[in-house]
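Undergrad: File model_8.cif follows (mmCIF, C-alpha atoms and all ligand atoms):
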```cif
data_query
loop_
_atom_site.label_atom_id
_atom_site.label_comp_id
_atom_site.auth_asym_id
_atom_site.auth_seq_id
_atom_site.Cartn_x
_atom_site.Cartn_y
_atom_site.Cartn_z
CA MET M 158 102.93 5.24 46.42
CA THR M 159 99.34 4.12 47.04
CA VAL M 160 97.69 1.86 44.48
CA PRO M 161 93.96 2.69 44.47
CA GLN M 162 91.35 -0.07 44.67
CA PRO M 163 89.75 -0.66 41.28
CA ASP M 164 86.43 1.07 40.55
CA VAL M 165 85.29 -0.64 37.36
CA GLN M 166 83.66 2.32 35.59
CA ARG M 167 86.43 4.73 36.52
CA GLU M 168 88.99 2.11 35.58
CA ASP M 169 87.44 1.78 32.08
CA GLU M 170 87.52 5.55 31.63
CA HIS M 171 91.14 5.66 32.70
CA MET M 172 92.24 2.85 30.45
CA HIS M 173 90.47 4.55 27.52
CA ARG M 174 92.00 7.95 28.28
CA TYR M 175 95.50 6.52 28.59
CA ALA M 176 95.08 3.77 25.97
CA ARG M 177 98.02 4.88 23.81
CA GLN M 178 100.46 4.62 26.67
CA VAL M 179 98.88 1.54 28.29
CA VAL M 180 99.61 -0.46 25.10
CA PHE M 181 103.29 0.50 25.39
CA PRO M 182 104.58 -2.65 27.18
CA PRO M 183 106.77 -1.00 29.86
CA VAL M 184 103.65 0.89 31.04
CA GLY M 185 100.71 -1.53 30.75
CA GLU M 186 97.61 -1.42 32.96
CA ASP M 187 99.56 -2.05 36.17
CA GLY M 188 101.97 0.75 35.32
CA GLN M 189 99.09 3.12 34.59
CA ARG M 190 97.59 2.32 38.00
CA ARG M 191 100.95 3.11 39.59
CA LEU M 192 101.01 6.48 37.82
CA LEU M 193 97.45 7.26 38.92
CA GLY M 194 98.40 6.47 42.52
CA SER M 195 101.56 8.63 42.43
CA THR M 196 102.35 12.09 43.74
CA VAL M 197 105.03 14.31 42.20
CA LEU M 198 106.41 17.61 43.43
CA ILE M 199 107.19 20.10 40.67
CA ALA M 200 109.60 22.63 42.16
CA GLY M 201 109.28 25.75 40.03
CA CYS M 202 106.52 26.32 37.47
CA GLY M 203 108.43 28.35 34.89
CA ALA M 204 109.54 26.99 31.54
CA LEU M 205 110.73 23.52 32.57
CA GLY M 206 108.01 23.18 35.20
CA SER M 207 105.33 24.02 32.61
CA GLY M 208 106.51 21.34 30.21
CA ILE M 209 106.99 18.71 32.92
CA ALA M 210 103.62 19.41 34.56
CA GLU M 211 101.75 19.19 31.26
CA LEU M 212 103.43 15.93 30.24
CA LEU M 213 102.86 14.28 33.63
CA ALA M 214 99.24 15.53 33.86
CA ARG M 215 98.46 14.12 30.42
CA ALA M 216 100.18 10.84 31.40
CA GLY M 217 97.81 10.51 34.37
CA VAL M 218 100.13 11.05 37.32
CA GLY M 219 97.51 11.24 40.08
CA THR M 220 98.68 14.25 42.09
CA LEU M 221 100.83 17.18 40.97
CA ARG M 222 102.08 19.40 43.79
CA LEU M 223 102.99 22.66 42.04
CA VAL M 224 105.33 25.02 43.90
CA ASP M 225 106.47 28.40 42.61
CA ARG M 226 107.42 31.69 44.28
CA ASP M 227 106.90 33.96 41.30
CA TYR M 228 104.12 35.69 39.40
CA LEU M 229 103.34 35.76 35.68
CA GLU M 230 105.01 38.33 33.44
CA LEU M 231 104.72 39.00 29.72
CA HIS M 232 108.23 37.73 28.90
CA ASN M 233 107.29 34.31 30.35
CA LEU M 234 104.91 33.57 27.47
CA GLN M 235 107.76 33.03 24.97
CA ARG M 236 108.57 29.61 26.50
CA GLN M 237 106.38 28.84 29.55
CA SER M 238 103.83 26.70 27.78
CA LEU M 239 101.13 26.44 30.47
CA TYR M 240 100.43 30.17 30.37
CA ASP M 241 98.62 32.46 28.00
CA GLU M 242 97.49 36.07 27.75
CA ARG M 243 94.25 35.34 29.62
CA LEU M 244 96.12 34.05 32.70
CA LEU M 245 98.64 36.90 32.44
CA ALA M 246 95.83 39.46 32.50
CA GLU M 247 94.68 38.04 35.86
CA ALA M 248 98.09 38.73 37.43
CA LEU M 249 98.21 35.32 39.05
CA PRO M 250 101.03 33.62 40.92
CA LYS M 251 102.45 30.97 38.62
CA ALA M 252 101.57 28.09 40.96
CA VAL M 253 97.91 29.13 40.94
CA ALA M 254 97.83 29.68 37.16
CA ALA M 255 99.60 26.36 36.55
CA ALA M 256 97.16 24.41 38.75
CA ARG M 257 94.20 25.98 37.00
CA ARG M 258 95.59 25.10 33.56
CA ILE M 259 96.47 21.54 34.65
CA ARG M 260 92.87 21.00 35.85
CA GLU M 261 91.66 22.08 32.40
CA ILE M 262 93.99 19.54 30.76
CA ASN M 263 93.05 16.65 33.08
CA SER M 264 90.20 17.13 35.55
CA SER M 265 90.57 13.56 36.89
CA ILE M 266 93.87 14.26 38.65
CA VAL M 267 94.70 16.53 41.60
CA ALA M 268 96.68 19.74 41.00
CA GLU M 269 97.80 21.45 44.23
CA ALA M 270 98.92 25.10 44.04
CA HIS M 271 101.62 26.24 46.49
CA PRO M 272 102.56 29.87 45.71
CA THR M 273 105.53 29.92 48.05
CA ASP M 274 109.32 29.91 48.14
CA LEU M 275 110.99 26.56 48.80
CA THR M 276 113.06 26.96 51.95
CA GLY M 277 114.62 24.83 54.66
CA ASP M 278 111.51 25.61 56.72
CA ASN M 279 108.94 24.12 54.33
CA VAL M 280 110.75 21.74 51.98
CA LEU M 281 110.32 18.57 54.06
CA GLU M 282 106.60 19.25 54.45
CA LEU M 283 106.28 19.70 50.68
CA PHE M 284 108.21 16.42 50.15
CA ASP M 285 105.71 14.56 52.35
CA GLY M 286 104.09 11.68 50.45
CA VAL M 287 105.94 12.55 47.24
CA ASP M 288 107.25 9.74 45.00
CA VAL M 289 109.52 11.87 42.80
CA VAL M 290 110.57 15.53 42.68
CA LEU M 291 111.11 17.44 39.44
CA ASP M 292 113.47 20.40 39.25
CA GLY M 293 111.91 23.33 37.43
CA THR M 294 113.86 25.91 39.42
CA ASP M 295 116.08 28.64 38.02
CA ASN M 296 118.79 28.67 40.68
CA TRP M 297 121.42 26.42 42.22
CA GLU M 298 120.63 27.30 45.81
CA THR M 299 117.18 25.74 45.54
CA ARG M 300 118.58 22.73 43.68
CA TYR M 301 121.03 22.03 46.51
CA LEU M 302 118.15 22.40 48.96
CA LEU M 303 116.13 19.86 46.95
CA ASN M 304 119.18 17.58 46.88
CA ASP M 305 119.58 17.73 50.68
CA ALA M 306 115.85 17.11 51.20
CA ALA M 307 115.93 14.21 48.73
CA VAL M 308 118.88 12.61 50.55
CA ARG M 309 117.21 13.15 53.95
CA THR M 310 113.91 11.57 52.85
CA GLY M 311 115.24 9.05 50.31
CA THR M 312 113.12 10.65 47.57
CA PRO M 313 114.27 10.38 43.93
CA TRP M 314 114.53 13.67 42.07
CA VAL M 315 115.31 14.82 38.54
CA TYR M 316 117.59 17.79 37.97
CA GLY M 317 117.11 19.94 34.86
CA GLY M 318 118.50 23.23 33.59
CA VAL M 319 118.42 25.18 30.34
CA ILE M 320 120.29 28.19 29.03
CA GLY M 321 120.38 29.50 25.48
CA ALA M 322 119.70 26.52 23.21
CA THR M 323 121.31 23.88 25.45
CA GLY M 324 120.39 22.10 28.64
CA MET M 325 121.15 19.25 31.01
CA SER M 326 119.30 16.69 33.06
CA MET M 327 120.16 13.88 35.47
CA SER M 328 118.01 11.71 37.67
CA ILE M 329 119.10 11.07 41.23
CA VAL M 330 118.03 8.08 43.30
CA PRO M 331 119.51 8.58 46.78
CA GLY M 332 121.65 5.67 47.88
CA ARG M 333 121.89 4.27 44.35
CA THR M 334 123.17 6.99 42.04
CA PRO M 335 125.47 10.00 42.47
CA CYS M 336 123.65 13.01 43.90
CA LEU M 337 123.84 16.57 42.56
CA ARG M 338 126.79 17.46 44.80
CA CYS M 339 128.68 14.30 43.82
CA ILE M 340 128.76 15.78 40.31
CA PHE M 341 128.67 19.54 41.04
CA PRO M 342 130.19 19.90 44.54
CA ASP M 343 129.51 23.64 44.82
CA PRO M 344 127.17 26.14 43.17
CA PRO M 345 128.79 28.09 40.33
CA PRO M 346 130.11 31.51 41.44
CA PRO M 347 127.75 34.46 40.94
CA GLY M 348 128.22 36.47 37.77
CA GLY M 349 127.93 33.59 35.31
CA ASP M 350 125.43 33.43 32.49
CA THR M 351 121.75 33.42 33.41
CA CYS M 352 118.58 33.15 31.36
CA GLU M 353 118.47 36.97 31.47
CA THR M 354 121.96 37.48 30.03
CA ALA M 355 122.26 34.47 27.71
CA GLY M 356 118.61 34.00 26.77
CA VAL M 357 116.67 30.75 26.57
CA LEU M 358 114.82 29.16 23.66
CA GLY M 359 111.53 27.30 23.95
CA PRO M 360 112.58 24.21 21.95
CA ALA M 361 115.56 23.66 24.29
CA VAL M 362 113.20 23.89 27.26
CA TRP M 363 110.89 21.30 25.78
CA MET M 364 113.76 18.88 25.05
CA VAL M 365 114.99 19.02 28.65
CA ALA M 366 111.45 18.92 30.09
CA SER M 367 110.81 15.81 27.97
CA VAL M 368 113.95 14.09 29.30
CA GLN M 369 112.95 15.00 32.88
CA ALA M 370 109.33 13.88 32.50
CA MET M 371 110.39 10.58 30.93
CA SER M 372 112.87 9.98 33.75
CA ALA M 373 110.10 10.66 36.28
CA LEU M 374 107.74 8.22 34.55
CA ARG M 375 110.43 5.52 34.62
CA ILE M 376 111.09 6.13 38.31
CA LEU M 377 107.35 5.96 39.06
CA LEU M 378 107.06 2.76 37.02
CA GLY M 379 109.84 1.19 39.10
CA ASP M 380 112.41 1.21 36.29
CA PRO M 381 114.64 4.26 36.95
CA PRO M 382 117.07 5.28 34.22
CA ALA M 383 120.82 4.68 34.62
CA ALA M 384 122.99 7.27 36.39
CA ARG M 385 123.77 9.56 33.51
CA LEU M 386 124.14 13.28 32.81
CA THR M 387 122.21 14.01 29.63
CA THR M 388 123.18 17.11 27.67
CA VAL M 389 120.88 18.41 24.94
CA ASP M 390 121.74 20.83 22.16
CA ALA M 391 118.46 21.92 20.63
CA TRP M 392 120.14 24.15 18.05
CA ASN M 393 121.97 21.17 16.50
CA ALA M 394 119.34 18.57 17.44
CA GLY M 395 121.82 16.55 19.48
CA THR M 396 121.96 14.76 22.81
CA GLU M 397 124.90 13.26 24.68
CA GLY M 398 125.02 11.07 27.77
CA LEU M 399 127.82 10.90 30.31
CA ASP M 400 127.77 7.81 32.53
CA LEU M 401 128.16 8.87 36.15
CA GLY M 402 129.08 5.64 37.92
CA ASP M 403 128.65 5.39 41.68
CA PRO M 404 128.04 7.96 44.44
CA VAL M 405 131.26 9.80 45.37
CA PRO M 406 132.76 8.87 48.78
CA GLY M 407 133.07 11.95 50.98
CA CYS M 408 130.25 13.83 49.17
CA PRO M 409 129.02 16.36 51.76
CA ALA M 410 125.39 15.76 50.80
CA CYS M 411 124.85 12.04 50.23
CA ASP M 412 127.81 10.48 52.08
CA LEU M 413 128.54 12.85 54.98
CA ARG M 414 124.86 13.94 55.06
CA THR M 415 125.70 17.43 56.32
CA GLY M 416 122.33 18.85 55.14
CA GLU M 417 124.01 22.26 54.84
CA PHE M 418 121.39 23.71 52.51
CA LEU M 419 118.55 22.16 54.48
CA ASN M 420 119.62 23.48 57.89
CA GLY M 421 120.51 26.96 56.59
CA ALA M 422 124.29 26.68 57.06
CA ARG M 423 124.58 27.60 53.38
CA GLY M 424 122.34 29.65 51.08
CA THR M 425 120.80 33.06 51.69
CA GLY M 426 117.43 32.64 50.00
CA VAL M 427 117.19 36.22 48.73
CA ARG M 428 118.70 36.00 45.24
CA LEU M 429 116.50 35.76 42.18
CA CYS M 430 118.20 34.41 39.04
CA GLY M 431 119.87 37.64 37.77
CA ARG M 432 116.61 39.55 37.44
CA ASN M 433 117.30 42.89 39.07
CA SER M 434 114.94 41.79 41.84
CA VAL M 435 115.24 40.83 45.48
CA GLN M 436 112.97 38.55 47.45
CA ILE M 437 112.04 39.42 51.02
CA ALA M 438 110.92 36.51 53.18
CA ALA M 439 108.19 36.86 55.79
CA ARG M 440 107.85 35.29 59.19
CA PRO M 441 106.47 31.74 58.84
CA GLY M 442 102.72 31.62 59.41
CA THR M 443 102.05 35.20 58.20
CA ARG M 444 98.68 35.72 56.45
CA LEU M 445 97.81 39.14 55.06
CA ASP M 446 94.45 40.61 54.10
CA LEU M 447 95.60 41.95 50.74
CA GLY M 448 92.38 43.93 50.26
CA ALA M 449 93.05 45.89 53.45
CA VAL M 450 96.69 46.44 52.45
CA ALA M 451 95.53 47.69 49.02
CA ILE M 452 93.24 50.27 50.65
CA ARG M 453 96.05 51.43 52.91
CA LEU M 454 98.53 51.79 50.03
CA GLY M 455 96.04 53.27 47.55
CA SER M 456 97.14 56.83 48.21
CA ILE M 457 100.87 56.05 47.90
CA GLY M 458 101.21 54.59 44.42
CA ALA M 459 99.56 52.52 41.72
CA VAL M 460 98.12 49.40 43.38
CA ARG M 461 96.31 46.38 42.01
CA HIS M 462 95.53 43.18 43.83
CA ASN M 463 93.66 39.89 43.78
CA GLU M 464 93.23 37.23 46.46
CA HIS M 465 96.77 35.89 45.85
CA LEU M 466 99.00 38.95 45.40
CA LEU M 467 99.24 42.73 45.41
CA LYS M 468 101.36 44.88 43.10
CA LEU M 469 102.55 48.35 44.09
CA HIS M 470 104.60 50.71 41.92
CA VAL M 471 106.37 53.32 43.97
CA ASP M 472 109.68 55.23 43.98
CA GLY M 473 110.71 53.65 40.66
CA HIS M 474 110.37 50.13 42.07
CA GLY M 475 107.80 47.39 41.75
CA LEU M 476 106.76 45.57 44.89
CA THR M 477 104.79 42.34 44.57
CA LEU M 478 103.39 41.16 47.88
CA PHE M 479 102.01 37.64 48.36
CA ALA M 480 99.34 36.66 50.87
CA ASP M 481 101.95 34.86 53.01
CA GLY M 482 103.79 38.17 53.50
CA ARG M 483 106.62 37.35 51.12
CA ALA M 484 107.53 40.07 48.60
CA ILE M 485 109.55 40.45 45.42
CA VAL M 486 111.00 43.92 44.94
CA SER M 487 112.00 44.71 41.35
CA GLY M 488 114.24 47.48 40.07
CA THR M 489 117.08 46.73 42.50
CA GLU M 490 119.59 44.02 43.34
CA ASP M 491 120.45 45.73 46.62
CA GLU M 492 118.91 43.81 49.48
CA SER M 493 119.01 46.82 51.84
CA VAL M 494 117.03 48.95 49.35
CA ALA M 495 114.44 46.19 49.01
CA ARG M 496 114.22 45.70 52.78
CA SER M 497 113.76 49.39 53.37
CA LEU M 498 110.96 49.62 50.79
CA TYR M 499 109.30 46.60 52.41
CA ALA M 500 109.62 48.09 55.89
CA ARG M 501 108.29 51.44 54.71
CA TYR M 502 105.21 50.21 52.88
CA ILE M 503 104.40 46.77 54.27
CA GLY M 504 105.82 47.34 57.68
CA HIS M 505 106.52 43.89 59.10
ZN ZN P 601 126.52 12.96 46.68
#
```
Can you turn what I pasted into structure tokens?
TA:
Amino acid sequence: MTVPQPDVQREDEHMHRYARQVVFPPVGEDGQRRLLGSTVLIAGCGALGSGIAELLARAGVGTLRLVDRDYLELHNLQRQSLYDERLLAEALPKAVAAARRIREINSSIVAEAHPTDLTGDNVLELFDGVDVVLDGTDNWETRYLLNDAAVRTGTPWVYGGVIGATGMSMSIVPGRTPCLRCIFPDPPPPGGDTCETAGVLGPAVWMVASVQAMSALRILLGDPPAARLTTVDAWNAGTEGLDLGDPVPGCPACDLRTGEFLNGARGTGVRLCGRNSVQIAARPGTRLDLGAVAIRLGSIGAVRHNEHLLKLHVDGHGLTLFADGRAIVSGTEDESVARSLYARYIGH
């Protein structure tokens, strides 16, 4: 965390903008300066990520690093509060749309857009200089990856998840509190409920996002919350807290430090939370000229593109190609079908 040198005029503006939280004693002017000098990584800019990013941007957290692998769809608007019909019409990656919206909310902070998948190859780079990581992901594989990266780098992170009208959150300070795998040693088996099968309600998202954002503010202010699993029930307006005690001896992540999800020993990286879609990764360092690809594919199927992504509808499938060569193939959960479509039309 870097505490910027005071610039009197800018300082006055800041203290006016954030006056209602500066007067809250646990924040104060020193705390506000800490927030302004902080960097947070928001992993996933869907429903939880939207709520967290907005709350932290309004609170004056100086840099938001926004990472998301997906693109905007109509059914996101029911609960993903950063987005609207105007952004949807531009067919933007969520990370790009989120950064644009955050800059409209608070132009005095930095919003970085990273439209990419979090993997063992890039996660440590994205953690660089980060004071706290917020979980806005929709899958356990990425959460265990975040957990391994947090343990490796000693970075605090805040888990969150929502399904239906309920959700959970816990904050993890490596070395001090239990980590995710101390509490949930293995990912749940496939076939359980997902947001697609069980639904998800906006008010439940906002409750969990609020708990996560508050935990992040406390960590940034140097007063992290106790080790506790918070469960929220938005339908019945209830919350419960389960005290978690100490890190678990023998935990493969934080005690044995196996880094299994970080080094690729576990996790396949192709599943997308029960969506009838498959993600195809590209070779690291790939950059595509999407305009040239659009011209090439124009005779094959319906194509539209912008500088960030290209959408092709062909053979009853949708193929969304990002500028880094990554693609999401919809209309199948069969990886071989998706790979063959990718090979046929994109060709790498
Ligand atoms: Zn652990």
Undergrad: Within 8 Å of Ala384 (chain M), counting only C-alpha atoms, which residues qualify if same-chain residues fewer than 6 places away don't, as a VMD selection string?
TA: chain M and resid 327 to 329 334 to 335 400 to 403
Undergrad: Mind giving me the axis-aligned box for region 319-330 of chain M with 5 Å on every side, centre plus edges in Å to one decimal, as AutoDock Vina command-line options?
TA:
```
--center_x 119.7 --center_y 18.8 --center_z 33.3 --size_x 13.3 --size_y 31.4 --size_z 30.1
```
Undergrad: Which residues of region 298-363 of chain M have any atom within 10 Å of an atom in region 389-395 of chain M when counting all atoms listed in the file, and what is the closest pair of atoms for each, with the distance in Å to one decimal? Order the rows by chain and rising number and write it as a tab-separated table.
TA:
```
residue	atom	partner	partner_atom	distance
M:Val319	CA	M:Val389	CA	9.0
M:Gly321	CA	M:Trp392	CA	9.2
M:Ala322	CA	M:Ala391	CA	5.4
M:Thr323	CA	M:Asp390	CA	4.5
M:Gly324	CA	M:Val389	CA	5.2
M:Met325	CA	M:Val389	CA	6.1
M:Ser326	CA	M:Val389	CA	8.4
M:Leu358	CA	M:Ala391	CA	8.7
M:Gly359	CA	M:Ala391	CA	9.4
M:Pro360	CA	M:Ala391	CA	6.4
M:Ala361	CA	M:Ala391	CA	5.0
M:Val362	CA	M:Ala391	CA	8.7
M:Trp363	CA	M:Ala391	CA	9.2
```
Undergrad: Considering all atoms listed in the file, give me a table of residues in chain M that are at most 10 Å from ligand ZN 601 (chain P), with the closest atom pair and distance in Å for each, as a tab-separated table.
TA:
```
residue	atom	partner	partner_atom	distance
M:Asn304	CA	P:ZN601	ZN	8.7
M:Asp305	CA	P:ZN601	ZN	9.3
M:Val308	CA	P:ZN601	ZN	8.6
M:Ile329	CA	P:ZN601	ZN	9.4
M:Pro331	CA	P:ZN601	ZN	8.3
M:Gly332	CA	P:ZN601	ZN	8.8
M:Thr334	CA	P:ZN601	ZN	8.3
M:Pro335	CA	P:ZN601	ZN	5.3
M:Cys336	CA	P:ZN601	ZN	4.0
M:Leu337	CA	P:ZN601	ZN	6.1
M:Arg338	CA	P:ZN601	ZN	4.9
M:Cys339	CA	P:ZN601	ZN	3.8
M:Ile340	CA	P:ZN601	ZN	7.3
M:Phe341	CA	P:ZN601	ZN	8.9
M:Pro342	CA	P:ZN601	ZN	8.1
M:Asp403	CA	P:ZN601	ZN	9.3
M:Pro404	CA	P:ZN601	ZN	5.7
M:Val405	CA	P:ZN601	ZN	5.8
M:Pro406	CA	P:ZN601	ZN	7.8
M:Gly407	CA	P:ZN601	ZN	7.9
M:Cys408	CA	P:ZN601	ZN	4.6
M:Pro409	CA	P:ZN601	ZN	6.6
M:Ala410	CA	P:ZN601	ZN	5.1
M:Cys411	CA	P:ZN601	ZN	4.0
M:Asp412	CA	P:ZN601	ZN	6.1
M:Leu413	CA	P:ZN601	ZN	8.5
M:Arg414	CA	P:ZN601	ZN	8.6
```
Undergrad: Could you name the residues that touch Arg215 (chain M) at 9 Å or less, counting all atoms listed in the file, but leaving out those on the same chain fewer than 2 positions away, as a ChimeraX atom specification?
TA: /M:175,210-213,217-218,259,262-263
Undergrad: Any chance you could build region 381-405 of chain M out to N, CA and C atoms and write it as an mmCIF file, in the coordinates of the input?
TA:
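part-v6.cif was written with the following content:
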```
data_model
loop_
_atom_site.group_PDB
_atom_site.id
_atom_site.type_symbol
_atom_site.label_atom_id
_atom_site.label_comp_id
_atom_site.auth_asym_id
_atom_site.auth_seq_id
_atom_site.Cartn_x
_atom_site.Cartn_y
_atom_site.Cartn_z
ATOM 1 N N PRO M 381 113.930 2.983 37.102
ATOM 2 C CA PRO M 381 114.640 4.260 36.950
ATOM 3 C C PRO M 381 115.760 4.174 35.921
ATOM 4 N N PRO M 382 115.989 5.282 35.207
ATOM 5 C CA PRO M 382 117.070 5.280 34.220
ATOM 6 C C PRO M 382 118.431 5.181 34.891
ATOM 7 N N ALA M 383 119.453 4.812 34.091
ATOM 8 C CA ALA M 383 120.820 4.680 34.620
ATOM 9 C C ALA M 383 121.339 6.053 35.054
ATOM 10 N N ALA M 384 122.379 6.025 35.925
ATOM 11 C CA ALA M 384 122.990 7.270 36.390
ATOM 12 C C ALA M 384 123.752 7.911 35.238
ATOM 13 N N ARG M 385 123.218 8.998 34.733
ATOM 14 C CA ARG M 385 123.770 9.560 33.510
ATOM 15 C C ARG M 385 123.419 11.038 33.460
ATOM 16 N N LEU M 386 124.391 11.847 33.040
ATOM 17 C CA LEU M 386 124.140 13.280 32.810
ATOM 18 C C LEU M 386 123.838 13.443 31.326
ATOM 19 N N THR M 387 122.613 13.827 31.026
ATOM 20 C CA THR M 387 122.210 14.010 29.630
ATOM 21 C C THR M 387 122.342 15.480 29.266
ATOM 22 N N THR M 388 123.045 15.746 28.170
ATOM 23 C CA THR M 388 123.180 17.110 27.670
ATOM 24 C C THR M 388 122.434 17.208 26.351
ATOM 25 N N VAL M 389 121.596 18.238 26.202
ATOM 26 C CA VAL M 389 120.880 18.410 24.940
ATOM 27 C C VAL M 389 121.319 19.711 24.281
ATOM 28 N N ASP M 390 121.406 19.661 22.967
ATOM 29 C CA ASP M 390 121.740 20.830 22.160
ATOM 30 C C ASP M 390 120.614 20.979 21.142
ATOM 31 N N ALA M 391 119.644 21.817 21.480
ATOM 32 C CA ALA M 391 118.460 21.920 20.630
ATOM 33 C C ALA M 391 118.801 22.564 19.286
ATOM 34 N N TRP M 392 119.785 23.448 19.290
ATOM 35 C CA TRP M 392 120.140 24.150 18.050
ATOM 36 C C TRP M 392 120.605 23.162 16.989
ATOM 37 N N ASN M 393 121.420 22.161 17.425
ATOM 38 C CA ASN M 393 121.970 21.170 16.500
ATOM 39 C C ASN M 393 121.279 19.816 16.611
ATOM 40 N N ALA M 394 120.129 19.799 17.297
ATOM 41 C CA ALA M 394 119.340 18.570 17.440
ATOM 42 C C ALA M 394 120.190 17.406 17.926
ATOM 43 N N GLY M 395 120.969 17.619 18.973
ATOM 44 C CA GLY M 395 121.820 16.550 19.480
ATOM 45 C C GLY M 395 121.643 16.307 20.959
ATOM 46 N N THR M 396 121.908 15.056 21.374
ATOM 47 C CA THR M 396 121.960 14.760 22.810
ATOM 48 C C THR M 396 123.217 13.925 23.073
ATOM 49 N N GLU M 397 123.756 14.070 24.265
ATOM 50 C CA GLU M 397 124.900 13.260 24.680
ATOM 51 C C GLU M 397 124.635 12.775 26.098
ATOM 52 N N GLY M 398 125.177 11.604 26.413
ATOM 53 C CA GLY M 398 125.020 11.070 27.770
ATOM 54 C C GLY M 398 126.376 10.758 28.362
ATOM 55 N N LEU M 399 126.567 11.180 29.605
ATOM 56 C CA LEU M 399 127.820 10.900 30.310
ATOM 57 C C LEU M 399 127.479 9.966 31.472
ATOM 58 N N ASP M 400 128.051 8.749 31.427
ATOM 59 C CA ASP M 400 127.770 7.810 32.530
ATOM 60 C C ASP M 400 128.432 8.296 33.807
ATOM 61 N N LEU M 401 127.692 8.232 34.909
ATOM 62 C CA LEU M 401 128.160 8.870 36.150
ATOM 63 C C LEU M 401 128.715 7.883 37.176
ATOM 64 N N GLY M 402 128.525 6.612 36.975
ATOM 65 C CA GLY M 402 129.080 5.640 37.920
ATOM 66 C C GLY M 402 128.391 5.673 39.274
ATOM 67 N N ASP M 403 129.188 5.545 40.331
ATOM 68 C CA ASP M 403 128.650 5.390 41.680
ATOM 69 C C ASP M 403 128.686 6.706 42.451
ATOM 70 N N PRO M 404 127.932 6.782 43.569
ATOM 71 C CA PRO M 404 128.040 7.960 44.440
ATOM 72 C C PRO M 404 129.493 8.179 44.872
ATOM 73 N N VAL M 405 129.870 9.447 45.069
ATOM 74 C CA VAL M 405 131.260 9.800 45.370
ATOM 75 C C VAL M 405 131.497 9.744 46.885
#
```
